[in-house]
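Enquirer: Got upload_26.cif for you, mmCIF, C-alpha atoms:
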```cif
data_coords
#
loop_
_atom_site.label_atom_id
_atom_site.label_comp_id
_atom_site.auth_asym_id
_atom_site.auth_seq_id
_atom_site.Cartn_x
_atom_site.Cartn_y
_atom_site.Cartn_z
CA MET A 1 9.81 137.37 18.89
CA ALA A 2 12.88 137.05 21.06
CA VAL A 3 14.70 138.59 24.00
CA PRO A 4 18.47 139.21 23.78
CA GLY A 5 20.99 136.89 25.38
CA ASN A 6 24.45 137.75 26.65
CA HIS A 7 25.98 137.05 23.20
CA ASP A 8 23.25 138.80 21.20
CA VAL A 9 24.23 142.44 21.69
CA PRO A 10 27.70 144.05 21.61
CA LYS A 11 29.98 144.10 24.64
CA SER A 12 33.52 145.26 25.16
CA PHE A 13 35.12 141.92 26.04
CA ASP A 14 33.54 139.78 23.29
CA THR A 15 34.65 139.71 19.65
CA HIS A 16 31.44 138.06 18.38
CA GLU A 17 29.79 139.87 15.50
CA THR A 18 26.53 141.08 17.02
CA PRO A 19 23.82 143.54 16.01
CA THR A 20 23.21 146.77 17.84
CA LEU A 21 20.45 146.68 20.42
CA SER A 22 18.24 148.83 18.16
CA SER A 23 18.76 146.34 15.32
CA PHE A 24 17.84 143.45 17.60
CA GLU A 25 14.67 145.25 18.64
CA ALA A 26 13.71 145.96 15.02
CA ASP A 27 14.30 142.37 13.88
CA PHE A 28 13.12 140.28 16.84
CA THR A 29 10.61 142.27 18.92
CA PRO A 30 7.26 143.98 18.26
CA GLY A 31 9.29 147.20 18.08
CA ALA A 32 11.08 147.73 21.35
CA LEU A 33 12.18 146.19 24.63
CA PRO A 34 10.54 145.54 26.99
CA PHE A 35 7.43 144.30 25.18
CA HIS A 36 3.95 143.03 26.01
CA GLU A 37 2.17 140.87 23.45
CA ARG A 38 -1.06 138.94 23.91
CA ILE A 39 -0.68 135.71 21.96
CA GLY A 40 -3.59 133.28 21.76
CA GLY A 41 -5.03 134.69 24.97
CA VAL A 42 -1.70 134.55 26.83
CA ASP A 43 0.12 137.67 28.03
CA VAL A 44 3.83 137.41 27.17
CA LEU A 45 6.16 140.03 28.66
CA GLY A 46 9.68 140.18 27.22
CA LEU A 47 12.51 141.87 29.15
CA ASN A 48 16.05 142.88 28.24
CA SER A 49 18.37 141.46 30.90
CA ALA A 50 21.40 141.43 28.60
CA ALA A 51 22.33 145.08 29.03
CA THR A 52 23.17 147.18 32.05
CA PRO A 53 20.97 150.23 32.71
CA SER A 54 23.31 152.26 30.50
CA GLU A 55 22.33 149.90 27.63
CA SER A 56 25.89 148.57 27.43
CA LEU A 57 27.07 145.02 27.99
CA ALA A 58 30.58 146.19 28.83
CA ASP A 59 31.96 143.92 31.54
CA CYS A 60 28.51 142.45 32.26
CA HIS A 61 27.94 138.71 31.87
CA ASP A 62 25.36 138.10 34.57
CA GLY A 63 22.74 140.59 33.37
CA GLU A 64 20.48 143.13 35.06
CA ILE A 65 16.93 144.45 34.80
CA SER A 66 17.00 148.25 34.70
CA ALA A 67 14.96 150.41 37.06
CA ALA A 68 12.94 151.62 34.06
CA GLN A 69 11.95 148.03 33.18
CA LEU A 70 11.03 147.26 36.79
CA ALA A 71 8.77 150.32 36.81
CA TRP A 72 7.27 149.22 33.48
CA LEU A 73 6.55 145.77 34.89
CA ASP A 74 4.96 147.25 37.99
CA ASP A 75 2.62 149.29 35.79
CA ILE A 76 1.79 146.64 33.16
CA LEU A 77 1.33 143.51 35.29
CA PRO A 78 -2.03 144.59 36.80
CA GLU A 79 -3.36 144.77 33.22
CA THR A 80 -2.46 141.13 32.49
CA ASP A 81 -4.01 137.78 33.29
CA ASP A 82 -1.63 134.93 34.26
CA PRO A 83 1.35 136.45 32.41
CA ILE A 84 4.53 134.70 31.34
CA VAL A 85 7.62 136.85 31.92
CA VAL A 86 10.53 135.97 29.62
CA MET A 87 14.17 137.09 29.83
CA HIS A 88 17.57 135.58 29.18
CA HIS A 89 19.10 135.64 32.66
CA ASN A 90 17.92 133.78 35.74
CA LEU A 91 16.31 134.30 39.11
CA SER A 92 18.02 132.84 42.19
CA GLY A 93 16.18 129.52 42.48
CA LEU A 94 19.23 127.40 41.62
CA SER A 95 21.73 129.35 43.73
CA SER A 96 21.56 126.88 46.63
CA GLU A 97 22.75 124.00 44.47
CA ASN A 98 26.34 122.86 44.05
CA VAL A 99 27.22 124.66 40.84
CA HIS A 100 30.99 124.92 41.34
CA SER A 101 32.96 127.69 39.64
CA TRP A 102 30.20 128.79 37.26
CA ARG A 103 27.99 130.20 40.02
CA SER A 104 29.06 133.72 38.98
CA SER A 105 27.04 133.28 35.76
CA PHE A 106 23.80 133.65 37.66
CA PRO A 107 21.47 134.95 38.97
CA THR A 108 20.92 138.31 37.32
CA ARG A 109 22.36 141.12 39.43
CA ASN A 110 19.05 142.33 40.89
CA ALA A 111 17.27 138.97 40.86
CA ASP A 112 15.82 139.36 44.35
CA GLU A 113 14.29 142.76 43.54
CA LEU A 114 12.74 141.34 40.37
CA ALA A 115 11.48 138.19 42.12
CA ASP A 116 9.85 140.29 44.86
CA LEU A 117 8.04 142.34 42.20
CA LEU A 118 6.84 139.24 40.33
CA ALA A 119 5.65 137.62 43.56
CA ARG A 120 3.80 140.80 44.57
CA HIS A 121 1.82 140.59 41.32
CA ASP A 122 1.28 136.80 41.59
CA VAL A 123 3.13 136.11 38.32
CA PRO A 124 2.78 132.34 37.79
CA LEU A 125 5.70 131.72 35.43
CA HIS A 126 9.14 133.14 34.64
CA VAL A 127 11.11 131.71 31.70
CA SER A 128 14.86 132.10 31.22
CA GLY A 129 17.86 130.48 29.56
CA HIS A 130 21.55 131.38 29.97
CA LEU A 131 22.66 128.36 32.03
CA HIS A 132 22.18 125.70 29.30
CA VAL A 133 20.66 123.55 32.09
CA PRO A 134 16.98 122.55 31.65
CA SER A 135 15.44 123.05 35.10
CA VAL A 136 12.29 123.85 37.03
CA THR A 137 12.84 125.91 40.16
CA GLU A 138 11.09 128.46 42.36
CA THR A 139 11.96 131.86 43.84
CA ASN A 140 9.63 133.65 46.30
CA GLY A 141 6.75 131.52 45.05
CA VAL A 142 7.44 132.36 41.39
CA ARG A 143 8.03 129.25 39.30
CA GLU A 144 10.94 129.53 36.88
CA ILE A 145 11.57 127.30 33.88
CA ILE A 146 15.11 127.38 32.49
CA ALA A 147 15.46 126.41 28.86
CA PRO A 148 18.28 124.21 27.48
CA SER A 149 20.76 125.31 24.84
CA LEU A 150 20.35 124.81 21.10
CA CYS A 151 24.05 125.39 20.41
CA SER A 152 25.56 122.88 22.86
CA PHE A 153 24.65 119.90 25.04
CA PRO A 154 21.79 118.99 25.35
CA GLN A 155 20.74 120.62 21.96
CA ALA A 156 17.03 121.10 22.60
CA TYR A 157 14.27 123.64 23.03
CA LEU A 158 11.11 123.86 25.13
CA LEU A 159 7.59 123.81 23.72
CA PHE A 160 4.86 125.34 25.90
CA GLU A 161 1.35 123.97 25.38
CA ILE A 162 -1.12 126.25 27.16
CA ASP A 163 -4.86 125.71 27.53
CA ARG A 164 -7.60 126.27 30.12
CA GLU A 165 -6.39 123.27 32.13
CA GLY A 166 -2.87 124.62 32.58
CA THR A 167 0.55 124.62 30.94
CA ALA A 168 2.50 121.59 29.73
CA VAL A 169 6.18 122.08 28.88
CA ARG A 170 7.84 119.61 26.53
CA PHE A 171 11.58 119.08 26.11
CA VAL A 172 12.22 118.71 22.38
CA PRO A 173 15.68 117.44 21.29
CA THR A 174 17.17 118.71 18.02
CA ALA A 175 19.92 116.07 17.92
CA ASP A 176 19.84 112.29 17.75
CA PRO A 177 21.30 110.21 20.62
CA GLU A 178 24.76 109.90 19.02
CA GLU A 179 24.98 113.65 18.37
CA THR A 180 23.88 114.39 21.92
CA LYS A 181 26.52 111.98 23.27
CA GLU A 182 29.22 113.66 21.16
CA ALA A 183 28.22 117.10 22.48
CA TYR A 184 28.28 115.76 26.06
CA ILE A 185 31.83 114.43 25.59
CA HIS A 186 32.98 117.77 24.14
CA ALA A 187 31.43 119.60 27.10
CA LYS A 188 33.15 117.29 29.60
CA ARG A 189 36.54 117.94 28.01
CA ASP A 190 36.22 121.70 27.47
CA SER A 191 36.76 123.08 31.00
CA ALA A 192 35.97 122.43 34.65
CA ARG A 193 33.01 124.79 34.40
CA SER A 194 31.71 123.10 31.26
CA ASP A 195 32.13 119.72 32.94
CA ALA A 196 30.05 120.88 35.91
CA VAL A 197 27.31 122.22 33.65
CA ALA A 198 27.24 118.98 31.65
CA GLU A 199 26.89 116.84 34.77
CA MET A 200 24.15 119.06 36.18
CA THR A 201 22.35 118.90 32.83
CA LEU A 202 22.68 115.12 32.68
CA ASP A 203 21.17 114.90 36.16
CA ARG A 204 18.18 116.94 34.97
CA LEU A 205 17.74 114.85 31.82
CA SER A 206 17.80 111.60 33.78
CA ALA A 207 14.75 112.82 35.75
CA LEU A 208 12.60 113.39 32.65
CA PRO A 209 9.68 113.15 32.18
CA LEU A 210 8.57 115.08 35.24
CA ALA A 211 4.93 114.37 34.40
CA ASP A 212 3.21 111.09 33.54
CA GLU A 213 2.72 111.01 29.77
CA SER A 214 1.22 107.52 29.63
CA GLU A 215 -2.39 108.72 29.58
#
```
As C-alpha cells, please, write out the structure in this file.
Expert:
Amino acid sequence: MAVPGNHDVPKSFDTHETPTLSSFEADFTPGALPFHERIGGVDVLGLNSAATPSESLADCHDGEISAAQLAWLDDILPETDDPIVVMHHNLSGLSSENVHSWRSSFPTRNADELADLLARHDVPLHVSGHLHVPSVTETNGVREIIAPSLCSFPQAYLLFEIDREGTAVRFVPTADPEETKEAYIHAKRDSARSDAVAEMTLDRLSALPLADESE
C-alpha cells in the first residue's frame, strides 16, 4: 500500500508521466483514499495530501488535507488503537528551523488544523516524507517521523518494528558509502535549495543512531 506524493498524480505544471488518481488508488491502496487497514494488530490510516480538495494538483506543491478527509479521520480515529497516520506532506514541527529558501515546500497548507485533530484523538505517530530529510519532530504533542528519499541523497528507507514494548524505527540505506557520497555531491551542486536540504540531511545522519543499539 502507498499514499501519493507530489509527483505521483498529475498536475498542470509538471510534465512527469503520472497515473490518474483513480489508477493510483486501484494499484496502491486497498481500493480508495483515504484508507484504514489493520496490519498485524496495528491501525494504519493513509491520507491523500497530494491533491487539493478539488482532487487536482494544479499549482499545488505543498499539499492539503481536504475537509472530507478531516471529517473521515474524526469519525474513524475513535475506532482505532494507537494508530499510525501516514501521508506524503508534513506537519509544522520543522518550521522553526533554518531551512532557507525551501521553507515553502512545507508544511501542508492546513497542517495546524490536522495536527489539532490528531492531538485531540491522542494519535501517537504521524509519518510523512516530501522533504527528503530524515527527522523526528513533534507538533502539538504528536510525534512525526519524516522518511528519507529513495531517489536522491541519502537513498534510504525507514523500517518500523512494532511490538508490545513500543516502536523501533531503523534507517536502512540502499546505497553504499561511495554512492551516497556521489549523491551528496550532486545535491550540493544542483541548487541553493538542494544544498540546504543536503546539509540539513547530513546533520541528521551525523546524529544517528538516536537509540542505543549496543544491547
Enquirer: Counting only C-alpha atoms, which of A:Leu202, A:Ala168, A:Val86, A:Leu70 gets nearest to Asp116 of chain A?
Expert: A:Leu70
Enquirer: Go ahead and compute the interatomic distance for atom CA of Asn6 of chain A and atom CA of Ala50 of chain A, in Å to one decimal.
Expert: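 Going from atom CA of Asn6 of chain A over to atom CA of Ala50 of chain A covers 5.2 Å.
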Enquirer: Set the distance at 6 Å and use only C-alpha atoms: which residues neighbour segment 154-163 of chain A once local chain neighbours fewer than 6 positions away are removed? I'd like the list as a list in words.
Expert: Pro148, Val169, Arg170, Phe171, Val172, Pro173 and Thr174 of chain A
Enquirer: Write the residues of the preceding selection, restricted to C-alpha atoms, as a tab-separated table (two decimals), in the coordinates of the input.
Expert:
```tsv
chain	number	residue	atom	x	y	z
A	148	PRO	CA	18.28	124.21	27.48
A	169	VAL	CA	6.18	122.08	28.88
A	170	ARG	CA	7.84	119.61	26.53
A	171	PHE	CA	11.58	119.08	26.11
A	172	VAL	CA	12.22	118.71	22.38
A	173	PRO	CA	15.68	117.44	21.29
A	174	THR	CA	17.17	118.71	18.02
```
Enquirer: Might you pull out every residue within 9 Å of segment 150-152 of chain A, with all atoms listed in the file counted and same-chain residues fewer than 6 positions away left off, and present them as a PyMOL selection string?
Expert: chain A and resi 132+173-174+180+183-184+187
Enquirer: Please produce a file of the residues just selected, as a short mmCIF file (atom, residue, chain, number, x, y, z; two decimals), keeping the file's coordinate frame, where the atoms kept are C-alpha atoms.
Expert:
```cif
data_model
loop_
_atom_site.label_atom_id
_atom_site.label_comp_id
_atom_site.auth_asym_id
_atom_site.auth_seq_id
_atom_site.Cartn_x
_atom_site.Cartn_y
_atom_site.Cartn_z
CA HIS A 132 22.18 125.70 29.30
CA PRO A 173 15.68 117.44 21.29
CA THR A 174 17.17 118.71 18.02
CA THR A 180 23.88 114.39 21.92
CA ALA A 183 28.22 117.10 22.48
CA TYR A 184 28.28 115.76 26.06
CA ALA A 187 31.43 119.60 27.10
#
```
Enquirer: Using only C-alpha atoms, which of A:Ala2, A:Thr108, A:His88, A:His130 sits nearest Ala26 of chain A?
Expert: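 Closest residue, counting only C-alpha atoms: A:Ala2.
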Enquirer: Which residue gives the smallest distance to Val142 of chain A among A:Thr167, A:Thr29, A:Asn110, A:Ser92, with all atoms listed in the file counted?
Expert: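 Distance minimum relative to Val142 of chain A lands on A:Ser92.
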Enquirer: Measure the distance from atom CA of Arg38 of chain A to atom CA of Val9 of chain A in Å and round it to one decimal.
Expert: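 Spanning atom CA of Arg38 of chain A to atom CA of Val9 of chain A is a straight-line distance of 25.6 Å.
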Enquirer: Pull out every residue that the PyMOL selection byres ((chain A and resi 33) around 12) matches in the shown coordinates and put them as number ranges by chain.
Expert: A: 1-4, 21-32, 34-37, 45-51, 55, 65-66, 68-69, 72-73, 86-87
Enquirer: Restricting the calculation to only C-alpha atoms: of A:Val85, A:Leu118, A:Val127, A:Ile76, which residue gets closest to Asn140 of chain A?
Expert: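 Comparing A:Val85, A:Leu118, A:Val127, A:Ile76 against Asn140 of chain A, the winner is A:Leu118.
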Enquirer: Mind pulling up the distance from atom CA of Asp81 of chain A to atom CA of Val133 of chain A?
Expert: 28.5 Å
